[in-house]
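Asks: Encoded as structure tokens, here's the structure I'll be asking about.
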Amino acid sequence: MISKTKPVSAVEDKRKVFRFGLLLDIRKNKLLYVMLLPVLLYYVVFHYAPMYGALIAFKDYSPRIGIWGSDWVGFEHFVNFFNGAYFWRTIKNTVLISFYQLLFGFPAPIILALLLNELRHAFFKRIVQTVTYMPHFISLIVICGILKDFTTSDGVINDIIAFFGGERSTFLLEPSLFRTVYVSSGIWQNIGWGTIIFLAALTGIDQEQYEAARIDGAGRWKQMTHVTLPGIMPIIIILLILDIGKMMNVGFEKIILLYNPGTYETADVISSYVYRVGLQDFNYSYSSAVGLFNSVINFALLISSNWLSRKFNDTSLW
């Protein structure tokens with residue numbers, strides 16, 4: 001009698017191959033996995049474990065009785081935020097500041113990297129790189145202190161404006177100027193640091209492509225547009241996807257160091273609103289609901305931008 005065995009599905013075969021390959025790779029690269037372990041533990045402890053606390057967004061949380069002891073209220077806090085007086089103001093400010101950062105801040109390091117790549121004087125190139133890198137290493141507290149001193153009515157910037165016949169004004173007290181100060185100072189602080197990854201990508205471009213372009217009669221502008229930019233385009237797209245994925249994630253640290261009640265109209269974003277409501281007013285559940293809503297929007301933007309990039313450009317994160 002011939003015994004019949006059940007055929008193993010293709011999915012099970014793939015799982016077995018994956019497990020076998022993973023175990024084999026772990027045995028061959030034990031030290032690399034040991035080095036990876038602290039990174040994994042960091043993300044588990046500080047990024048995944050705290051997600052348990054997101055439950056308080058659906059509860060009337062009280063620290064005295066804990067998360068499980070607090071009453072379940074469902075989507076009440078979300079509804080209160082959507083119907084609240086500050087919903088559209090915080091959404092508008094967050095989107096506008098993020099959009100300006102993306103519009104002006106994202107291409108800035110690309111342009112600087114392209115300009116540095118065209119420099120032939122190595123000493124001058126290193127000086128420019130050092131000068132543009134330095135602001136990134138200055139503490140944010142110090143940066144905001146410098147901005148406050150420079151933008152006062154008797155500050156350096158107003159001295160320059162007055163020298164050319166303009167009127168003095170305290171920039172950070174003017175709601176219409178807050179976004180300009182915030183975005184432009186962010187570009188100044190991070191433009192040099194942002195060029196590092198693009199300069200690294202530029203070194204990976206095959207030099208024979210430039211030689212072929214020169215033989216075809218292409219000048220430096222044509223070489224940049226037809227060789228350099230296409231060579232770093234995959235990196236540009238990946239970083240653009242990541243930036244779009246965090247558009248709603250304007251950091252509250254710099255905002256709360258620069259804004260004041262007079263500029264809430266244009267400066268108050270979701271993260272600063274969460275800070276005020278959660279840590280100053282002790283409304284933990286409501287602030288958690290607002291923060292969770294913000295995270296969901298960021299996640300949706302990341303998924304959408306990655307899908308669009310994969311559909312139209314064949315370049316994506318996954």
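Within each chain, counting starts at residue 1; across the structure tokens, chains are named A, B, ... in the order shown, with ligands numbered 1 upward in that order.
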I'd like the contact shell of A:Ala201 - 12 Å cut-off, only C-alpha atoms, skipping same-chain residues fewer than 2 positions apart - returned as number ranges by chain.

Replies: A: 110, 113-114, 117, 195-199, 203-206, 228-236

Asks: Okay, now the selection with all heavy atoms, as a compact mmCIF listing (two decimals), in the first residue's frame?

Replies:
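Produced file out-v7.txt, reproduced below:
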```txt
# COMPACT_ATOMS: atom_id res chain seq x y z
N ILE A 110 20.41 70.19 -0.75
CA ILE A 110 20.69 69.63 -2.08
C ILE A 110 21.42 70.66 -2.92
O ILE A 110 22.44 70.36 -3.58
CB ILE A 110 19.39 69.19 -2.77
CG1 ILE A 110 18.65 68.14 -1.93
CG2 ILE A 110 19.67 68.64 -4.16
CD1 ILE A 110 17.29 67.76 -2.48
N ALA A 113 24.93 71.12 -1.60
CA ALA A 113 25.78 69.97 -1.95
C ALA A 113 26.20 70.04 -3.42
O ALA A 113 27.36 69.74 -3.76
CB ALA A 113 25.03 68.67 -1.67
N LEU A 114 25.28 70.43 -4.29
CA LEU A 114 25.63 70.57 -5.71
C LEU A 114 26.66 71.67 -5.93
O LEU A 114 27.58 71.52 -6.74
CB LEU A 114 24.36 70.86 -6.53
CG LEU A 114 23.33 69.73 -6.61
CD1 LEU A 114 22.06 70.21 -7.31
CD2 LEU A 114 23.89 68.51 -7.33
N ASN A 117 29.97 70.48 -4.69
CA ASN A 117 30.52 69.47 -5.62
C ASN A 117 31.20 70.12 -6.81
O ASN A 117 32.10 69.52 -7.42
CB ASN A 117 29.39 68.55 -6.10
CG ASN A 117 29.88 67.39 -6.92
OD1 ASN A 117 30.69 66.59 -6.47
ND2 ASN A 117 29.41 67.28 -8.16
N THR A 195 23.77 68.35 4.03
CA THR A 195 24.54 68.09 2.81
C THR A 195 25.38 66.82 2.90
O THR A 195 25.81 66.31 1.86
CB THR A 195 25.49 69.26 2.50
OG1 THR A 195 26.40 69.42 3.60
CG2 THR A 195 24.73 70.55 2.29
N ILE A 196 25.61 66.32 4.10
CA ILE A 196 26.51 65.18 4.26
C ILE A 196 26.05 63.98 3.45
O ILE A 196 26.83 63.36 2.72
CB ILE A 196 26.64 64.81 5.75
CG1 ILE A 196 27.35 65.91 6.51
CG2 ILE A 196 27.40 63.48 5.92
CD1 ILE A 196 27.46 65.69 8.00
N ILE A 197 24.79 63.64 3.56
CA ILE A 197 24.29 62.45 2.87
C ILE A 197 24.30 62.65 1.36
O ILE A 197 24.56 61.71 0.59
CB ILE A 197 22.88 62.08 3.38
CG1 ILE A 197 22.47 60.70 2.83
CG2 ILE A 197 21.85 63.14 3.00
CD1 ILE A 197 21.24 60.15 3.49
N PHE A 198 24.05 63.89 0.90
CA PHE A 198 24.06 64.15 -0.54
C PHE A 198 25.48 64.15 -1.10
O PHE A 198 25.72 63.66 -2.20
CB PHE A 198 23.35 65.46 -0.85
CG PHE A 198 21.90 65.47 -0.49
CD1 PHE A 198 21.43 66.24 0.56
CD2 PHE A 198 21.00 64.70 -1.19
CE1 PHE A 198 20.09 66.24 0.90
CE2 PHE A 198 19.65 64.69 -0.86
CZ PHE A 198 19.20 65.45 0.19
N LEU A 199 26.44 64.69 -0.34
CA LEU A 199 27.83 64.64 -0.77
C LEU A 199 28.33 63.19 -0.83
O LEU A 199 29.10 62.82 -1.72
CB LEU A 199 28.70 65.46 0.18
CG LEU A 199 28.54 66.98 0.10
CD1 LEU A 199 29.33 67.66 1.20
CD2 LEU A 199 28.97 67.50 -1.26
N THR A 203 29.63 61.02 -4.35
CA THR A 203 30.88 60.27 -4.56
C THR A 203 30.64 58.92 -5.21
O THR A 203 31.58 58.32 -5.74
CB THR A 203 31.60 60.06 -3.21
OG1 THR A 203 30.74 59.31 -2.32
CG2 THR A 203 31.94 61.39 -2.56
N GLY A 204 29.40 58.43 -5.17
CA GLY A 204 29.10 57.13 -5.76
C GLY A 204 28.74 57.19 -7.24
O GLY A 204 28.50 56.15 -7.87
N ILE A 205 28.69 58.38 -7.81
CA ILE A 205 28.39 58.52 -9.24
C ILE A 205 29.62 58.14 -10.06
O ILE A 205 30.74 58.59 -9.78
CB ILE A 205 27.94 59.95 -9.57
CG1 ILE A 205 26.67 60.31 -8.78
CG2 ILE A 205 27.68 60.10 -11.06
CD1 ILE A 205 26.22 61.73 -8.97
N ASP A 206 29.41 57.33 -11.06
CA ASP A 206 30.51 56.88 -11.92
C ASP A 206 31.10 58.07 -12.68
O ASP A 206 30.40 58.79 -13.39
CB ASP A 206 30.00 55.82 -12.90
CG ASP A 206 31.12 55.15 -13.69
OD1 ASP A 206 32.29 55.54 -13.48
OD2 ASP A 206 30.81 54.26 -14.49
N THR A 228 24.58 64.50 -12.55
CA THR A 228 24.63 64.60 -11.08
C THR A 228 23.26 64.40 -10.44
O THR A 228 23.10 63.56 -9.56
CB THR A 228 25.21 65.96 -10.67
OG1 THR A 228 26.47 66.17 -11.32
CG2 THR A 228 25.41 66.02 -9.17
N LEU A 229 22.28 65.19 -10.88
CA LEU A 229 20.94 65.08 -10.29
C LEU A 229 20.32 63.70 -10.47
O LEU A 229 19.80 63.13 -9.51
CB LEU A 229 20.02 66.17 -10.86
CG LEU A 229 20.08 67.53 -10.17
CD1 LEU A 229 19.21 68.54 -10.88
CD2 LEU A 229 19.68 67.41 -8.71
N PRO A 230 20.34 63.11 -11.68
CA PRO A 230 19.81 61.73 -11.80
C PRO A 230 20.57 60.73 -10.93
O PRO A 230 19.97 59.75 -10.46
CB PRO A 230 19.99 61.42 -13.29
CG PRO A 230 20.00 62.74 -13.97
CD PRO A 230 20.68 63.67 -13.01
N GLY A 231 21.86 60.97 -10.69
CA GLY A 231 22.65 60.04 -9.89
C GLY A 231 22.24 60.03 -8.43
O GLY A 231 22.35 58.99 -7.75
N ILE A 232 21.79 61.18 -7.90
CA ILE A 232 21.39 61.23 -6.49
C ILE A 232 19.87 61.25 -6.32
O ILE A 232 19.38 61.39 -5.20
CB ILE A 232 22.00 62.46 -5.80
CG1 ILE A 232 21.48 63.77 -6.43
CG2 ILE A 232 23.52 62.41 -5.84
CD1 ILE A 232 21.92 65.02 -5.69
N MET A 233 19.13 61.12 -7.43
CA MET A 233 17.67 61.20 -7.35
C MET A 233 17.06 60.14 -6.43
O MET A 233 16.11 60.45 -5.68
CB MET A 233 17.08 61.11 -8.75
CG MET A 233 15.58 61.42 -8.80
SD MET A 233 15.17 63.04 -8.09
CE MET A 233 15.97 64.13 -9.29
N PRO A 234 17.53 58.87 -6.42
CA PRO A 234 16.95 57.90 -5.48
C PRO A 234 17.07 58.34 -4.02
O PRO A 234 16.12 58.17 -3.24
CB PRO A 234 17.74 56.62 -5.75
CG PRO A 234 18.20 56.76 -7.16
CD PRO A 234 18.49 58.22 -7.34
N ILE A 235 18.22 58.92 -3.64
CA ILE A 235 18.40 59.41 -2.28
C ILE A 235 17.45 60.57 -2.00
O ILE A 235 16.85 60.66 -0.92
CB ILE A 235 19.86 59.85 -2.05
CG1 ILE A 235 20.81 58.67 -2.25
CG2 ILE A 235 20.03 60.44 -0.66
CD1 ILE A 235 20.62 57.56 -1.26
N ILE A 236 17.30 61.46 -2.96
CA ILE A 236 16.40 62.60 -2.80
C ILE A 236 14.97 62.12 -2.57
O ILE A 236 14.26 62.63 -1.69
CB ILE A 236 16.48 63.53 -4.03
CG1 ILE A 236 17.85 64.18 -4.12
CG2 ILE A 236 15.39 64.60 -3.97
CD1 ILE A 236 18.05 65.03 -5.37
```

Asks: Running DSSP on the backbone, which parts of stretch 3-98 of chain A land in helix (DSSP H, G or I), as a ChimeraX atom specification?

Replies: /A:10-28,30-58,66-69,76-82,87-98

Asks: Interatomic distance between atom CA of A:Ser185 and atom CA of A:Ile91?

Replies: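 For atom CA of A:Ser185 relative to atom CA of A:Ile91, the distance reads 21.8 Å.
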
Asks: Could you list, as a PyMOL selection string, every residue within 8 Å of A:Trp193, counting only C-alpha atoms and ignoring same-chain residues fewer than 2 positions away?

Replies: chain A and resi 109+132-133+136+190-191+195-196

Asks: From the set A:Phe106, A:Trp188, A:Tyr182, A:Tyr48, which residue has the shortest atom-to-atom contact distance to A:Leu240, counting only C-alpha atoms?

Replies: A:Phe106
